[in-house]
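Below: one structure, written as structure tokens.
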Amino acid sequence: MKRTLLLVFVGILLAGASAVGSLAAGQAPQGPEVPRVILQPASQEAPEFVEGLNAWSGDPSQPRPVGLERRFEHPWVVEFAPDRLPLDLPAQYAGGLLERDGDGSLVWTARLTVMEARDVRVHLRCFSLDAGCRIAAFPPGRAVRETVKPDMASAEGDLWTALVDGPTVLLRVEIPPGAPLQGRFEVAGILEIPRLTPPAARETPQPGPSPEGAARPEAVPVAPSSLTLTVVGPNAVLCQWQDNSTNETGFKIQRRTGTSGSYYKVGKVPTGVTAFTDPTCTPGQAYTYRVKAVNSQGASGPSNEVVVVAGLPGAFTLTGVAECNGSNPQNRLSWTASTSAATYDLYRNGALLVSGQTGLSYLDTQVTAGQAYAYQVTARNSWGSASSNVVGLTAPANCCVPPVGPTLTASTGCQGSVAQIVLAWAVSAGATSYDVYRNGLLFAPGQVATTYTDGTVSAGQGYNYYVVAKNLCGTGTSNTVVATAPTTCCPLPGNFTLVVQPYCYGSPIASGFLLQWTAASGVTASNPYDIYMDGYPIIYYALQTQAWFVSAAPNSLHSFFVRARNSCGSTDSNTASAIAPLTCLHEFIVDDLDTGHFSLYGPMAWWFPVTDSHCYANHMWYTPNETSVSFMNNYAHWAPPALAGSPGYYELSVYVPCLTYATTTHAEYYVMYGGVTVGATWVNQLAYCDAWAPLGTFYFHGDGYDFVELRSATWEPIGTTNVGFDAIRWRQ
């Protein structure tokens, strides 16, 4: 069974305050449940019994039942007055030790002991003490003091320190140099009493050292370590630690809400047990835990502190580094373990990159050089999630590795009569350019192709070569090759170009191709060209000065090249392909010189012949125009006999040369077909220049009565234009 008692200790610092209230020393109050309270300087080992005025409410002879809380009605008062401080320090003052620290600070310390107490939770209250002062309450032997400052107080002046284990607590007030000795602070403690010794068994402790040969008291246990936390449910946290002592009677598990404030005991386990499950957590709330070992002499120092979020994965930290994998940039990410996390999701620039990770690292290779990325990891379990910090990484912009030396080969040859050595090498990964060395000297720098032709060699002379691949990170050197330039070179035919066109030709007209090519240097009349169709020779000794027609099936695809030959060898042209025409037109042309098919009518004095290359077949006729049918009435007549027996629709066109002998804007043509004469579309001869002008499409019967006529009457002012008479074309 245990009993809790609230003990209040108040210290007041006021300039000009009243003298210290007397504290009566003597026997502890009688009764089976009266605790003995001891106040003494911190450096004094032998305790002095002191009654704390009215240490609890009610009659001490009528104590409350065990397990109820005891409270002070009247606090124990200690005052400091600057004008009454001891002249010589250190000195005992107001139940404690007053002294100067090494830096000039004024320090007051006192030791408060309740013999029957098991734990002491100290509460501080500050009213007007200077903000530079510090107030502490801590167990004996603890190196790190839990200290609060006056400026941390609430509006009511309340400050809380951490829980102090054991029956003894050291009180300390530190006033820095220059701080005014004014103000007020209070100290209160809750005492937990596990048992009360019957009065007959009690002995009043006497001041002074222990008798020689007396048994030394049992030591306080060594603090536990390696505390770990695991969320095992929405409201439960499993605490596990390492036992470092051999004399503990149990372990006390303490918890506080968040990461600051007072610790409270949430459980206790007996000796040898190093695990405890706290089932009282609120989901989503952060807690800080620690563990202490206890025995009859008190409690050890605390274990390491661990923070956990109940029901959710615990806090964790993401780190990353941008790096290169050869010439490829990548971002390497890693994170600490999140307590109770089942899996992790990785986000990049706010978008999910990978989910369900169970490991604590990830390598992002899908990055762009020089681009910035923001990463964050979310830890998940069945109760919720927690996110890490955000890490920004910029993928390296200059990842590269030196290229590997390529493999070099060399061959010899001739360009006409000039000897040459041709170098070739494999592509070197990462290389941006290549330098060619000849006989140990840089010969051709900055090459981007993987071949190089050395045309500056001397016939019969040997050369050695190597190639250096380069990039921003370094170089790689190839093997060395040796080659000897040829001693005799005969010039082959030069390069030339072939053009292939779909073409209709012949009588009757046939579908095929028209082949024309440029002349190749080094080819003489005695060494002409061979024509290849679909890889096979079809014409030998063709002359370059001619255009060659090759017939083929309509709409068929064929490829051609021409081979030029001379006494040194041969050179092939480019290969050209084309599709033969699907249909070839059936056409007839009647020229003005075709006797029997072209006739002139009217006075011959007004007919004028013209011989010029602009004319079709180099000849035409013209006559001055008339306004209407008059005494001249000149006209011409075209009648193609080739239409006989070939009825059908024919497209008619007239040839207009680019001459001043065909300048009328209103040449009226008449068409006779099937015994019917119609006026065709009139032609503006001035608008055509060595071109065919369309008359329209007509159906001809081929019965001998098909013809076309043109008259000199144009309805223009007489003699102002000339009417030209040249060829007419029938095309089917």
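Simple scheme: letters A, B, ... for chains in structure tokens order, numbers from 1 for residues in each chain, numbers from 1 for ligands in the order shown.
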**Item:** Per-residue DSSP, stretch 327-447 of chain A, filtered to strand (DSSP E), as JSON, numbers by chain
**Value:** {"A": [328, 329, 330, 331, 332, 333, 334, 335, 343, 344, 345, 346, 347, 348, 351, 352, 353, 354, 355, 356, 357, 361, 362, 363, 364, 372, 373, 374, 375, 376, 377, 378, 379, 380, 381, 384, 385, 386, 387, 391, 392, 393, 394, 408, 409, 410, 411, 412, 413, 414, 415, 418, 419, 420, 421, 422, 423, 424, 425, 433, 434, 435, 436, 437, 438, 441, 442, 443, 444, 445, 446, 447]}
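Of the residues listed (A:Glu323, A:Asp592, A:Asp530, A:Asp572), A:Asp592 shows the shortest atom-to-atom separation from A:Arg729; distances use only C-alpha atoms.
Residue neighbourhood of A:Arg172, excluding near-sequence residues (fewer than 3 positions): A:Trp108, A:Thr109, A:Ile135, A:Ala136, at 6 Å, using only C-alpha atoms.
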**Prompt:** Looking at A:Ala137, A:Asn464, A:Glu99, A:Val354, which one is nearest to A:Ile175, with distances taken over only C-alpha atoms?
**Reply:** A:Glu99
**Asked** A:Gln330: which residues within 8 Å, counting only C-alpha atoms, same-chain residues fewer than 2 positions away excluded, as a PyMOL selection string?
**Response** chain A and resi 322-325+328+332+363-367+395-396
**Message:** Neighbouring residues of stretch 681-684 of chain A were defined as those with any atom within 12 Å, considering only C-alpha atoms; residues of the same chain fewer than 5 positions away were excluded. Please report them as a PyMOL selection string.
**Reply:** chain A and resi 652-656+662-671+689+692-698+709-711+713-715+721-724
Can you write out the residues you just picked, keeping N, CA and C atoms, as a short mmCIF file (atom, residue, chain, number, x, y, z; two decimals), in the first residue's frame?
```
data_model
loop_
_atom_site.label_atom_id
_atom_site.label_comp_id
_atom_site.auth_asym_id
_atom_site.auth_seq_id
_atom_site.Cartn_x
_atom_site.Cartn_y
_atom_site.Cartn_z
N LEU A 652 -8.37 18.74 -127.49
CA LEU A 652 -7.74 19.54 -128.52
C LEU A 652 -6.92 20.66 -127.90
N SER A 653 -5.72 20.87 -128.44
CA SER A 653 -4.86 21.97 -128.02
C SER A 653 -4.18 22.54 -129.24
N VAL A 654 -3.94 23.87 -129.26
CA VAL A 654 -3.22 24.53 -130.35
C VAL A 654 -1.90 25.05 -129.81
N TYR A 655 -0.85 24.98 -130.60
CA TYR A 655 0.46 25.45 -130.17
C TYR A 655 0.59 26.92 -130.53
N VAL A 656 0.96 27.77 -129.56
CA VAL A 656 1.14 29.21 -129.77
C VAL A 656 2.59 29.54 -129.47
N ALA A 662 1.84 36.01 -133.49
CA ALA A 662 0.62 35.43 -132.92
C ALA A 662 0.24 36.31 -131.74
N THR A 663 -0.46 37.44 -132.05
CA THR A 663 -0.74 38.42 -131.00
C THR A 663 -2.21 38.73 -130.83
N THR A 664 -3.07 38.08 -131.59
CA THR A 664 -4.50 38.38 -131.43
C THR A 664 -4.99 37.89 -130.08
N THR A 665 -5.92 38.62 -129.55
CA THR A 665 -6.52 38.20 -128.28
C THR A 665 -7.83 37.47 -128.51
N HIS A 666 -8.22 37.28 -129.83
CA HIS A 666 -9.52 36.68 -130.08
C HIS A 666 -9.44 35.79 -131.32
N ALA A 667 -8.63 34.71 -131.18
CA ALA A 667 -8.52 33.75 -132.29
C ALA A 667 -9.68 32.76 -132.16
N GLU A 668 -10.57 32.75 -133.19
CA GLU A 668 -11.76 31.90 -133.11
C GLU A 668 -11.54 30.62 -133.91
N TYR A 669 -11.50 29.49 -133.19
CA TYR A 669 -11.33 28.19 -133.81
C TYR A 669 -12.71 27.53 -133.93
N TYR A 670 -12.87 26.76 -135.05
CA TYR A 670 -14.11 26.02 -135.28
C TYR A 670 -13.76 24.55 -135.42
N VAL A 671 -14.59 23.70 -134.82
CA VAL A 671 -14.32 22.27 -134.80
C VAL A 671 -15.44 21.55 -135.54
N CYS A 689 3.00 31.53 -124.59
CA CYS A 689 4.37 31.67 -125.08
C CYS A 689 4.98 30.29 -125.19
N TRP A 692 0.97 25.04 -125.29
CA TRP A 692 -0.26 24.51 -125.87
C TRP A 692 -1.44 25.19 -125.18
N ALA A 693 -2.35 25.73 -126.00
CA ALA A 693 -3.56 26.38 -125.48
C ALA A 693 -4.73 25.43 -125.68
N PRO A 694 -5.50 25.10 -124.64
CA PRO A 694 -6.59 24.13 -124.77
C PRO A 694 -7.79 24.72 -125.50
N LEU A 695 -8.40 23.88 -126.36
CA LEU A 695 -9.64 24.27 -127.04
C LEU A 695 -10.85 23.58 -126.45
N GLY A 696 -10.63 22.44 -125.77
CA GLY A 696 -11.73 21.69 -125.20
C GLY A 696 -11.67 20.23 -125.59
N THR A 697 -12.62 19.46 -125.14
CA THR A 697 -12.68 18.03 -125.44
C THR A 697 -13.92 17.75 -126.28
N PHE A 698 -13.70 17.01 -127.38
CA PHE A 698 -14.80 16.76 -128.33
C PHE A 698 -14.79 15.28 -128.73
N GLU A 709 -10.69 24.53 -137.97
CA GLU A 709 -10.41 25.71 -138.80
C GLU A 709 -10.17 26.92 -137.91
N LEU A 710 -9.34 27.88 -138.46
CA LEU A 710 -9.11 29.16 -137.82
C LEU A 710 -9.14 30.22 -138.91
N ARG A 711 -9.90 31.31 -138.69
CA ARG A 711 -10.04 32.38 -139.67
C ARG A 711 -9.29 33.62 -139.20
N ALA A 713 -10.58 36.62 -139.26
CA ALA A 713 -11.51 37.58 -138.66
C ALA A 713 -11.44 37.45 -137.13
N THR A 714 -11.10 38.53 -136.44
CA THR A 714 -10.96 38.52 -134.98
C THR A 714 -11.86 39.52 -134.30
N TRP A 715 -12.58 40.38 -135.14
CA TRP A 715 -13.43 41.43 -134.59
C TRP A 715 -12.64 42.48 -133.83
N THR A 721 -3.52 43.36 -135.15
CA THR A 721 -2.89 42.18 -134.56
C THR A 721 -2.56 41.19 -135.66
N ASN A 722 -1.83 40.16 -135.34
CA ASN A 722 -1.51 39.07 -136.25
C ASN A 722 -2.13 37.79 -135.71
N VAL A 723 -2.61 36.95 -136.64
CA VAL A 723 -3.18 35.66 -136.27
C VAL A 723 -2.18 34.58 -136.64
N GLY A 724 -1.73 33.78 -135.67
CA GLY A 724 -0.73 32.75 -135.90
C GLY A 724 -1.37 31.41 -136.15
#
```
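With atom CA of A:Asp706 on one side and atom CA of A:Tyr650 on the other, the separation reads 11.3 Å.
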